[in-house]
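Have a look at the structure below, then the notes.
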Amino acid sequence: MTIEQSTTDALLIASAFQAHILPGVSRTFALTIPQLPQPLGSVVSNAYLLCRIADTIEDEPALGSDDKVRLTEAFADLVGGRGSVQAFVDELAPKLSSATSPTELELVRSTQLVLTMTSSFDPVARLAIERCVRIMCRGMHRYSLQAGPQGLRDLNELGNYCYYVAGVVGEMLRDLFCAYAPETARRRDDLARYAVAFGQGLQMTNILKDIWEDRERGVSWMPRREFGQHGIDLLKLDPATQGDACTRALNELVAVTHAQLAYALEFTLAISPADTGIRKFCAWNIGMALLTLRKIVATPGYRNAAEVKISRTSVMWTMTLTSIGIRSNTWLRFLFKRTASGLPQIATQPAQAPLEA
């Protein structure tokens with residue numbers, strides 16, 4: 001077997017693994033990423049899996065702070081093509097507890113396959129992915145040290161946290177879309193204006209959906225100051241006794257999230273109408289986020305994510321209706337306004353990277 005044939009076989013195996021593992025770690029992205037044209041779809045899928053490995057390290061309760069710093073830094077180096085993948089896996093995998101799902105454990109054990117794909121990408125894509133992973137790793141660890149039931153300081157601090165776990169992903173997507181779609185690359189400045197908001201809107205939706213599951217593991221990402229203005233002590237907040245004040249505080253966060261998703265729509269509309277697959281990827285994610293916010297507002301006092309989970313029928317309608325007029329900015333604006341009807345609103349600026357990032 002020639003070296004060229006061996007390399008081709010290794011990439012085929014790595015590509016098959018990506019397709020196999022993605023639905024197990026994200027049902028949403030398993031639907032939206034395949035809408036992207038190739039090779040962009042493979043690059044975004046790979047980047048998402050790398051981010052999930054980093055997230056698995058930070059979420060593992062059995063790992064101490066020093067271990068997390070060392071392992072996430074080592075992982076970021078691996079993404080940049082430096083270090084021993086086998087040594088990383090041999091150290092991390094045995095330390096993962098039952099808090100890490102079997103699928104995430106499989107992903108960690110298959111880090112080499114994921115990085116095999118990463119190394120096959122062009123330098124622009126590799127640089128964008130490495131930057132994202134490194135900023136994410138350092139930011140997540142910074143906030144994991146603060147994590148607890150007391151929540152974050154205020155809404156601004158929540159925005160900074162969202163940047164490190166998702167806004168930076170929006171920046172990476174901007175770079176990848178421009179690298180693989182020449183027509184869209186001509187609109188880079190417009191994409192840059194709203195890239196962080198795209199990631200933050202989706203992340204805040206997930207935070208609101210998962211608020212009670214996060215509390216079960218002793219963590220809250222809610223802003224203390226804003227909840228305190230409603231007379232709520234986050235340390236005493238309980239899903240069984242949350243009350244009207246909690247509903248009002250959550251609805252204020254829904255309004256902020258709604259505003260960021262509106263900017264996420266502007267990010268989508270900045271993509272060339274000719275790049276329909278990229279537009280679908282963005283529009284489908286935004287549509288599902290809006291539907292989740294509607295469920296949250298319509299279900300005051302919800303106690304878990306399952307109560308605000310959107311139905312498969314809703315997902316199918318979102319995909320169908322956005323696809324009908326995916327090239328039309330007017331149609332996509334109409335769908336957004338219709339889907340977001342009734343959601344709380346607030347005037348705010350599009351999210352940006354914090355100064356220290």
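Simple scheme: letters A, B, ... for chains in structure tokens order, numbers from 1 for residues in each chain, numbers from 1 for ligands in the order shown.
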
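Proximity to Pro300 in chain A at 10 Å, evaluated using only C-alpha atoms and with sequence-adjacent residues fewer than 6 positions away removed, yields Gln242, Gly243, Asp244, Cys246, Thr247, Arg248, Leu250, Asn251 and Val308 of chain A.
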
List the neighbours of Leu22 in chain A out to 12 Å using only C-alpha atoms; skip same-chain residues closer than 2 positions along the sequence, and give me the result as a VMD selection string. chain A and resid 15 to 20 24 to 34 41 to 42 44 to 50 52 103 to 104 106 to 107 114

Serialized selection, N, CA, C and O atoms, as a CSV table (one decimal), in the first residue's frame:
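File part.csv, as written:
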```csv
chain,number,residue,atom,x,y,z
A,15,SER,N,-13.6,10.3,8.4
A,15,SER,CA,-14.8,10.9,8.0
A,15,SER,C,-16.0,10.1,8.4
A,15,SER,O,-17.1,10.6,8.8
A,16,ALA,N,-15.9,8.7,8.3
A,16,ALA,CA,-17.0,7.9,8.7
A,16,ALA,C,-17.3,8.0,10.2
A,16,ALA,O,-18.4,8.0,10.6
A,17,PHE,N,-16.2,8.2,11.0
A,17,PHE,CA,-16.4,8.3,12.4
A,17,PHE,C,-17.1,9.6,12.7
A,17,PHE,O,-18.0,9.6,13.6
A,18,GLN,N,-16.8,10.7,12.0
A,18,GLN,CA,-17.5,11.9,12.3
A,18,GLN,C,-19.0,11.8,12.0
A,18,GLN,O,-19.8,12.3,12.8
A,19,ALA,N,-19.3,11.2,10.9
A,19,ALA,CA,-20.7,11.0,10.6
A,19,ALA,C,-21.4,10.1,11.6
A,19,ALA,O,-22.6,10.3,11.9
A,20,HIS,N,-20.7,9.1,12.1
A,20,HIS,CA,-21.3,8.2,13.1
A,20,HIS,C,-21.5,8.9,14.5
A,20,HIS,O,-22.6,8.7,15.1
A,24,GLY,N,-24.9,11.5,18.0
A,24,GLY,CA,-24.9,11.2,19.4
A,24,GLY,C,-24.5,12.3,20.4
A,24,GLY,O,-24.8,12.2,21.6
A,25,VAL,N,-23.8,13.3,19.9
A,25,VAL,CA,-23.4,14.4,20.7
A,25,VAL,C,-24.3,15.7,20.5
A,25,VAL,O,-24.3,16.6,21.3
A,26,SER,N,-25.0,15.8,19.3
A,26,SER,CA,-25.9,16.9,19.1
A,26,SER,C,-26.9,16.5,18.0
A,26,SER,O,-26.6,16.5,16.8
A,27,ARG,N,-28.1,16.4,18.4
A,27,ARG,CA,-29.2,16.1,17.4
A,27,ARG,C,-29.5,17.3,16.5
A,27,ARG,O,-29.7,17.2,15.4
A,28,THR,N,-29.3,18.5,17.1
A,28,THR,CA,-29.6,19.7,16.3
A,28,THR,C,-28.5,19.9,15.2
A,28,THR,O,-28.9,20.0,14.0
A,29,PHE,N,-27.3,19.8,15.6
A,29,PHE,CA,-26.2,20.0,14.6
A,29,PHE,C,-26.1,18.8,13.6
A,29,PHE,O,-25.7,18.9,12.5
A,30,ALA,N,-26.6,17.6,14.1
A,30,ALA,CA,-26.7,16.5,13.1
A,30,ALA,C,-27.7,16.8,12.0
A,30,ALA,O,-27.6,16.2,10.9
A,31,LEU,N,-28.7,17.7,12.3
A,31,LEU,CA,-29.6,18.1,11.2
A,31,LEU,C,-29.1,19.2,10.4
A,31,LEU,O,-29.3,19.2,9.2
A,32,THR,N,-28.4,20.2,11.0
A,32,THR,CA,-28.1,21.4,10.3
A,32,THR,C,-26.7,21.3,9.6
A,32,THR,O,-26.6,21.9,8.5
A,33,ILE,N,-25.7,20.7,10.2
A,33,ILE,CA,-24.4,20.7,9.5
A,33,ILE,C,-24.5,20.0,8.2
A,33,ILE,O,-23.8,20.5,7.2
A,34,PRO,N,-25.2,18.9,8.0
A,34,PRO,CA,-25.3,18.3,6.6
A,34,PRO,C,-25.8,19.2,5.5
A,34,PRO,O,-25.7,18.9,4.3
A,41,GLY,N,-18.9,21.3,5.1
A,41,GLY,CA,-19.6,20.6,6.1
A,41,GLY,C,-18.7,19.7,7.0
A,41,GLY,O,-18.9,19.6,8.2
A,42,SER,N,-17.8,19.1,6.4
A,42,SER,CA,-16.8,18.2,7.1
A,42,SER,C,-16.0,19.1,8.1
A,42,SER,O,-15.7,18.6,9.2
A,44,VAL,N,-16.8,22.0,9.5
A,44,VAL,CA,-17.6,22.5,10.6
A,44,VAL,C,-18.0,21.4,11.6
A,44,VAL,O,-17.9,21.5,12.8
A,45,SER,N,-18.2,20.2,11.0
A,45,SER,CA,-18.5,19.0,11.9
A,45,SER,C,-17.3,18.7,12.7
A,45,SER,O,-17.4,18.5,13.9
A,46,ASN,N,-16.1,18.7,12.1
A,46,ASN,CA,-14.9,18.5,12.8
A,46,ASN,C,-14.6,19.5,13.9
A,46,ASN,O,-14.3,19.1,15.1
A,47,ALA,N,-14.9,20.8,13.6
A,47,ALA,CA,-14.7,21.8,14.6
A,47,ALA,C,-15.6,21.6,15.8
A,47,ALA,O,-15.2,21.8,16.9
A,48,TYR,N,-16.9,21.3,15.5
A,48,TYR,CA,-17.8,21.1,16.6
A,48,TYR,C,-17.4,19.9,17.5
A,48,TYR,O,-17.5,20.0,18.7
A,49,LEU,N,-16.9,18.8,16.9
A,49,LEU,CA,-16.5,17.7,17.7
A,49,LEU,C,-15.3,18.1,18.6
A,49,LEU,O,-15.2,17.6,19.7
A,50,LEU,N,-14.4,18.9,18.0
A,50,LEU,CA,-13.2,19.3,18.8
A,50,LEU,C,-13.7,20.2,20.0
A,50,LEU,O,-13.2,20.0,21.1
A,52,ARG,N,-16.5,19.9,21.5
A,52,ARG,CA,-17.2,19.0,22.4
A,52,ARG,C,-16.1,18.3,23.3
A,52,ARG,O,-16.4,18.0,24.5
A,103,THR,N,-21.2,8.3,24.8
A,103,THR,CA,-20.9,8.8,23.4
A,103,THR,C,-19.7,9.8,23.5
A,103,THR,O,-18.8,9.8,22.7
A,104,GLU,N,-19.7,10.7,24.6
A,104,GLU,CA,-18.6,11.6,24.8
A,104,GLU,C,-17.3,10.9,25.1
A,104,GLU,O,-16.2,11.3,24.7
A,106,GLU,N,-16.6,7.9,24.0
A,106,GLU,CA,-16.1,7.3,22.7
A,106,GLU,C,-15.4,8.4,21.9
A,106,GLU,O,-14.4,8.2,21.2
A,107,LEU,N,-16.0,9.6,21.9
A,107,LEU,CA,-15.4,10.7,21.2
A,107,LEU,C,-14.0,11.0,21.7
A,107,LEU,O,-13.0,11.2,20.9
A,114,VAL,N,-10.5,12.3,15.0
A,114,VAL,CA,-11.0,13.7,14.8
A,114,VAL,C,-9.8,14.6,14.3
A,114,VAL,O,-9.9,15.4,13.4
```

Go through range 193-297 of chain A and collect every residue that DSSP, computed from the backbone, puts in alpha helix (DSSP H); the answer should be as a PyMOL selection string. chain A and resi 193-209+211-216+224-228+243-269+276-297

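Residues with any atom within 10 Å of range 175-177 of chain A, counting only C-alpha atoms and excluding same-chain neighbours fewer than 2 positions away, are Leu36, Leu40, Val43, Val44, Val124, Ala125, Arg126, Leu127, Ala128, Ile129, Val169, Gly170, Glu171, Met172, Leu173, Ala179, Tyr180, Ala181, Pro182, Glu183, Thr184, Ala185, Arg188, Leu191, Ala192, Ala195, Ile271, Asp275 and Ile278 of chain A.
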
With a distance cut-off of 12 Å and only C-alpha atoms, select the neighbouring residues of range 343-348 of chain A, excluding the residue or stretch itself and same-chain residues fewer than 4 positions from it, and output the selection as a compact mmCIF listing (two decimals) with N, CA and C atoms, in the first residue's frame.
```txt
# COMPACT_ATOMS: atom_id res chain seq x y z
N LEU A 155 -25.55 40.60 33.84
CA LEU A 155 -25.82 40.27 32.45
C LEU A 155 -24.58 40.44 31.58
N ASN A 156 -23.77 41.43 31.87
CA ASN A 156 -22.55 41.63 31.11
C ASN A 156 -21.61 40.44 31.26
N ALA A 197 -22.97 37.58 17.95
CA ALA A 197 -24.39 37.51 18.31
C ALA A 197 -25.01 36.19 17.87
N THR A 247 -40.23 33.85 36.86
CA THR A 247 -40.75 33.90 35.49
C THR A 247 -40.44 35.25 34.86
N ARG A 248 -40.61 36.34 35.63
CA ARG A 248 -40.32 37.67 35.09
C ARG A 248 -38.84 37.83 34.77
N ALA A 249 -37.99 37.32 35.66
CA ALA A 249 -36.55 37.41 35.43
C ALA A 249 -36.13 36.61 34.21
N LEU A 250 -36.69 35.41 34.07
CA LEU A 250 -36.36 34.58 32.91
C LEU A 250 -36.87 35.22 31.62
N ASN A 251 -38.04 35.85 31.68
CA ASN A 251 -38.56 36.50 30.48
C ASN A 251 -37.69 37.68 30.05
N GLU A 252 -37.06 38.34 31.01
CA GLU A 252 -36.13 39.41 30.64
C GLU A 252 -34.93 38.84 29.88
N LEU A 253 -34.46 37.67 30.31
CA LEU A 253 -33.37 37.02 29.60
C LEU A 253 -33.83 36.52 28.23
N VAL A 254 -35.08 36.09 28.15
CA VAL A 254 -35.63 35.70 26.85
C VAL A 254 -35.59 36.90 25.90
N ALA A 255 -35.92 38.08 26.42
CA ALA A 255 -35.91 39.29 25.59
C ALA A 255 -34.51 39.58 25.06
N VAL A 256 -33.51 39.44 25.92
CA VAL A 256 -32.12 39.66 25.48
C VAL A 256 -31.73 38.63 24.43
N THR A 257 -32.12 37.39 24.67
CA THR A 257 -31.81 36.32 23.73
C THR A 257 -32.50 36.55 22.39
N HIS A 258 -33.76 36.97 22.45
CA HIS A 258 -34.52 37.30 21.25
C HIS A 258 -33.78 38.36 20.43
N ALA A 259 -33.28 39.38 21.11
CA ALA A 259 -32.56 40.46 20.42
C ALA A 259 -31.30 39.93 19.73
N GLN A 260 -30.57 39.05 20.41
CA GLN A 260 -29.34 38.50 19.81
C GLN A 260 -29.67 37.58 18.63
N LEU A 261 -30.77 36.87 18.72
CA LEU A 261 -31.19 36.04 17.59
C LEU A 261 -31.61 36.90 16.40
N ALA A 262 -32.15 38.08 16.66
CA ALA A 262 -32.47 39.00 15.56
C ALA A 262 -31.19 39.42 14.85
N TYR A 263 -30.13 39.64 15.61
CA TYR A 263 -28.84 39.94 14.99
C TYR A 263 -28.27 38.70 14.30
N LEU A 290 -35.73 30.02 18.32
CA LEU A 290 -36.93 30.82 18.55
C LEU A 290 -38.09 29.97 19.07
N LEU A 291 -38.25 28.79 18.50
CA LEU A 291 -39.32 27.90 18.96
C LEU A 291 -39.11 27.48 20.41
N THR A 292 -37.85 27.29 20.79
CA THR A 292 -37.55 26.95 22.18
C THR A 292 -37.90 28.11 23.10
N LEU A 293 -37.57 29.33 22.70
CA LEU A 293 -37.93 30.50 23.51
C LEU A 293 -39.45 30.61 23.66
N ARG A 294 -40.18 30.32 22.59
CA ARG A 294 -41.64 30.36 22.68
C ARG A 294 -42.15 29.35 23.71
N LYS A 295 -41.56 28.16 23.71
CA LYS A 295 -41.96 27.14 24.69
C LYS A 295 -41.65 27.60 26.12
N ILE A 296 -40.50 28.25 26.29
CA ILE A 296 -40.12 28.73 27.62
C ILE A 296 -41.13 29.77 28.12
N VAL A 297 -41.49 30.71 27.27
CA VAL A 297 -42.45 31.75 27.66
C VAL A 297 -43.84 31.15 27.90
N ALA A 298 -44.18 30.15 27.11
CA ALA A 298 -45.52 29.54 27.23
C ALA A 298 -45.61 28.53 28.36
N PHE A 336 -39.00 34.98 10.61
CA PHE A 336 -38.47 35.31 11.93
C PHE A 336 -39.50 36.08 12.74
N LYS A 337 -40.08 37.12 12.13
CA LYS A 337 -41.06 37.94 12.84
C LYS A 337 -42.27 37.11 13.25
N ARG A 338 -42.71 36.23 12.37
CA ARG A 338 -43.88 35.40 12.67
C ARG A 338 -43.56 34.42 13.81
N THR A 339 -42.41 33.79 13.75
CA THR A 339 -42.04 32.80 14.77
C THR A 339 -41.79 33.47 16.12
N GLN A 352 -20.55 41.43 21.31
CA GLN A 352 -19.19 41.53 20.79
C GLN A 352 -18.23 40.80 21.72
```

By how many Å are CA of Pro354 in chain A and CA of Asp66 in chain A apart? 24.7 Å

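Proximity ranking of A:Glu157, A:Asp238, A:Asp67, A:Asp9 relative to Arg215 in chain A places A:Asp238 first, based on only C-alpha atoms.
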
Quick one: residues within 9 Å of Ser323 in chain A, only C-alpha atoms, excluding same-chain residues fewer than 5 positions away - as a ChimeraX atom specification? /A:276,280,283-284,318

Dump as a short mmCIF file (atom, residue, chain, number, x, y, z; two decimals), in the first residue's frame, selection limited to N, CA and C atoms:
```cif
data_model
loop_
_atom_site.label_atom_id
_atom_site.label_comp_id
_atom_site.auth_asym_id
_atom_site.auth_seq_id
_atom_site.Cartn_x
_atom_site.Cartn_y
_atom_site.Cartn_z
N THR A 276 -26.94 28.67 -0.54
CA THR A 276 -28.17 28.24 0.12
C THR A 276 -27.91 27.28 1.28
N LYS A 280 -29.21 27.80 5.05
CA LYS A 280 -30.07 26.82 5.73
C LYS A 280 -29.49 26.46 7.09
N ALA A 283 -30.25 29.47 9.34
CA ALA A 283 -31.67 29.74 9.54
C ALA A 283 -32.35 28.63 10.34
N TRP A 284 -31.98 27.38 10.10
CA TRP A 284 -32.59 26.28 10.85
C TRP A 284 -32.23 26.37 12.33
N THR A 318 -40.06 24.08 10.57
CA THR A 318 -39.00 25.08 10.50
C THR A 318 -38.11 24.84 9.29
#
```

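The nearest approach to Ser84 in chain A among the residues A:Gln35, A:Thr111, A:Ser272, A:Thr299, with only C-alpha atoms taken into account, belongs to A:Thr111.
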
At a cut-off of 12 Å, using only C-alpha atoms, what residues contact Glu216 in chain A? Leave out same-chain residues fewer than 6 positions from it and give the result as a ChimeraX atom specification. /A:148-149,210,237-239,303-304

Go ahead and save the residues from that selection, with N, CA, C and O atoms, as a PDB file, in the first residue's frame.
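Once written, part-v1.pdb looks like this:
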```
ATOM      1  N   GLY A 148     -20.861  28.073  40.139  1.00  0.00           N
ATOM      2  CA  GLY A 148     -21.488  27.639  41.378  1.00  0.00           C
ATOM      3  C   GLY A 148     -22.947  28.039  41.356  1.00  0.00           C
ATOM      4  O   GLY A 148     -23.419  28.706  40.427  1.00  0.00           O
ATOM      5  N   PRO A 149     -23.693  27.672  42.380  1.00  0.00           N
ATOM      6  CA  PRO A 149     -25.130  27.985  42.416  1.00  0.00           C
ATOM      7  C   PRO A 149     -25.421  29.468  42.568  1.00  0.00           C
ATOM      8  O   PRO A 149     -26.563  29.894  42.389  1.00  0.00           O
ATOM      9  N   ASP A 210     -31.740  24.794  29.877  1.00  0.00           N
ATOM     10  CA  ASP A 210     -31.084  23.846  30.791  1.00  0.00           C
ATOM     11  C   ASP A 210     -30.872  24.403  32.191  1.00  0.00           C
ATOM     12  O   ASP A 210     -30.103  23.830  32.969  1.00  0.00           O
ATOM     13  N   LEU A 237     -32.829  29.603  44.939  1.00  0.00           N
ATOM     14  CA  LEU A 237     -33.782  29.344  43.856  1.00  0.00           C
ATOM     15  C   LEU A 237     -34.030  27.853  43.701  1.00  0.00           C
ATOM     16  O   LEU A 237     -33.102  27.052  43.644  1.00  0.00           O
ATOM     17  N   ASP A 238     -35.313  27.486  43.633  1.00  0.00           N
ATOM     18  CA  ASP A 238     -35.705  26.085  43.552  1.00  0.00           C
ATOM     19  C   ASP A 238     -36.769  25.938  42.465  1.00  0.00           C
ATOM     20  O   ASP A 238     -37.728  26.711  42.436  1.00  0.00           O
ATOM     21  N   PRO A 239     -36.624  24.954  41.587  1.00  0.00           N
ATOM     22  CA  PRO A 239     -37.623  24.797  40.522  1.00  0.00           C
ATOM     23  C   PRO A 239     -39.028  24.540  41.041  1.00  0.00           C
ATOM     24  O   PRO A 239     -40.012  24.892  40.390  1.00  0.00           O
ATOM     25  N   ARG A 303     -39.791  22.934  34.921  1.00  0.00           N
ATOM     26  CA  ARG A 303     -38.830  22.399  35.893  1.00  0.00           C
ATOM     27  C   ARG A 303     -37.686  21.624  35.262  1.00  0.00           C
ATOM     28  O   ARG A 303     -36.763  21.215  35.965  1.00  0.00           O
ATOM     29  N   ASN A 304     -37.741  21.414  33.970  1.00  0.00           N
ATOM     30  CA  ASN A 304     -36.647  20.711  33.301  1.00  0.00           C
ATOM     31  C   ASN A 304     -36.704  20.997  31.803  1.00  0.00           C
ATOM     32  O   ASN A 304     -37.704  21.507  31.291  1.00  0.00           O
TER      33      ASN A 304
END
```
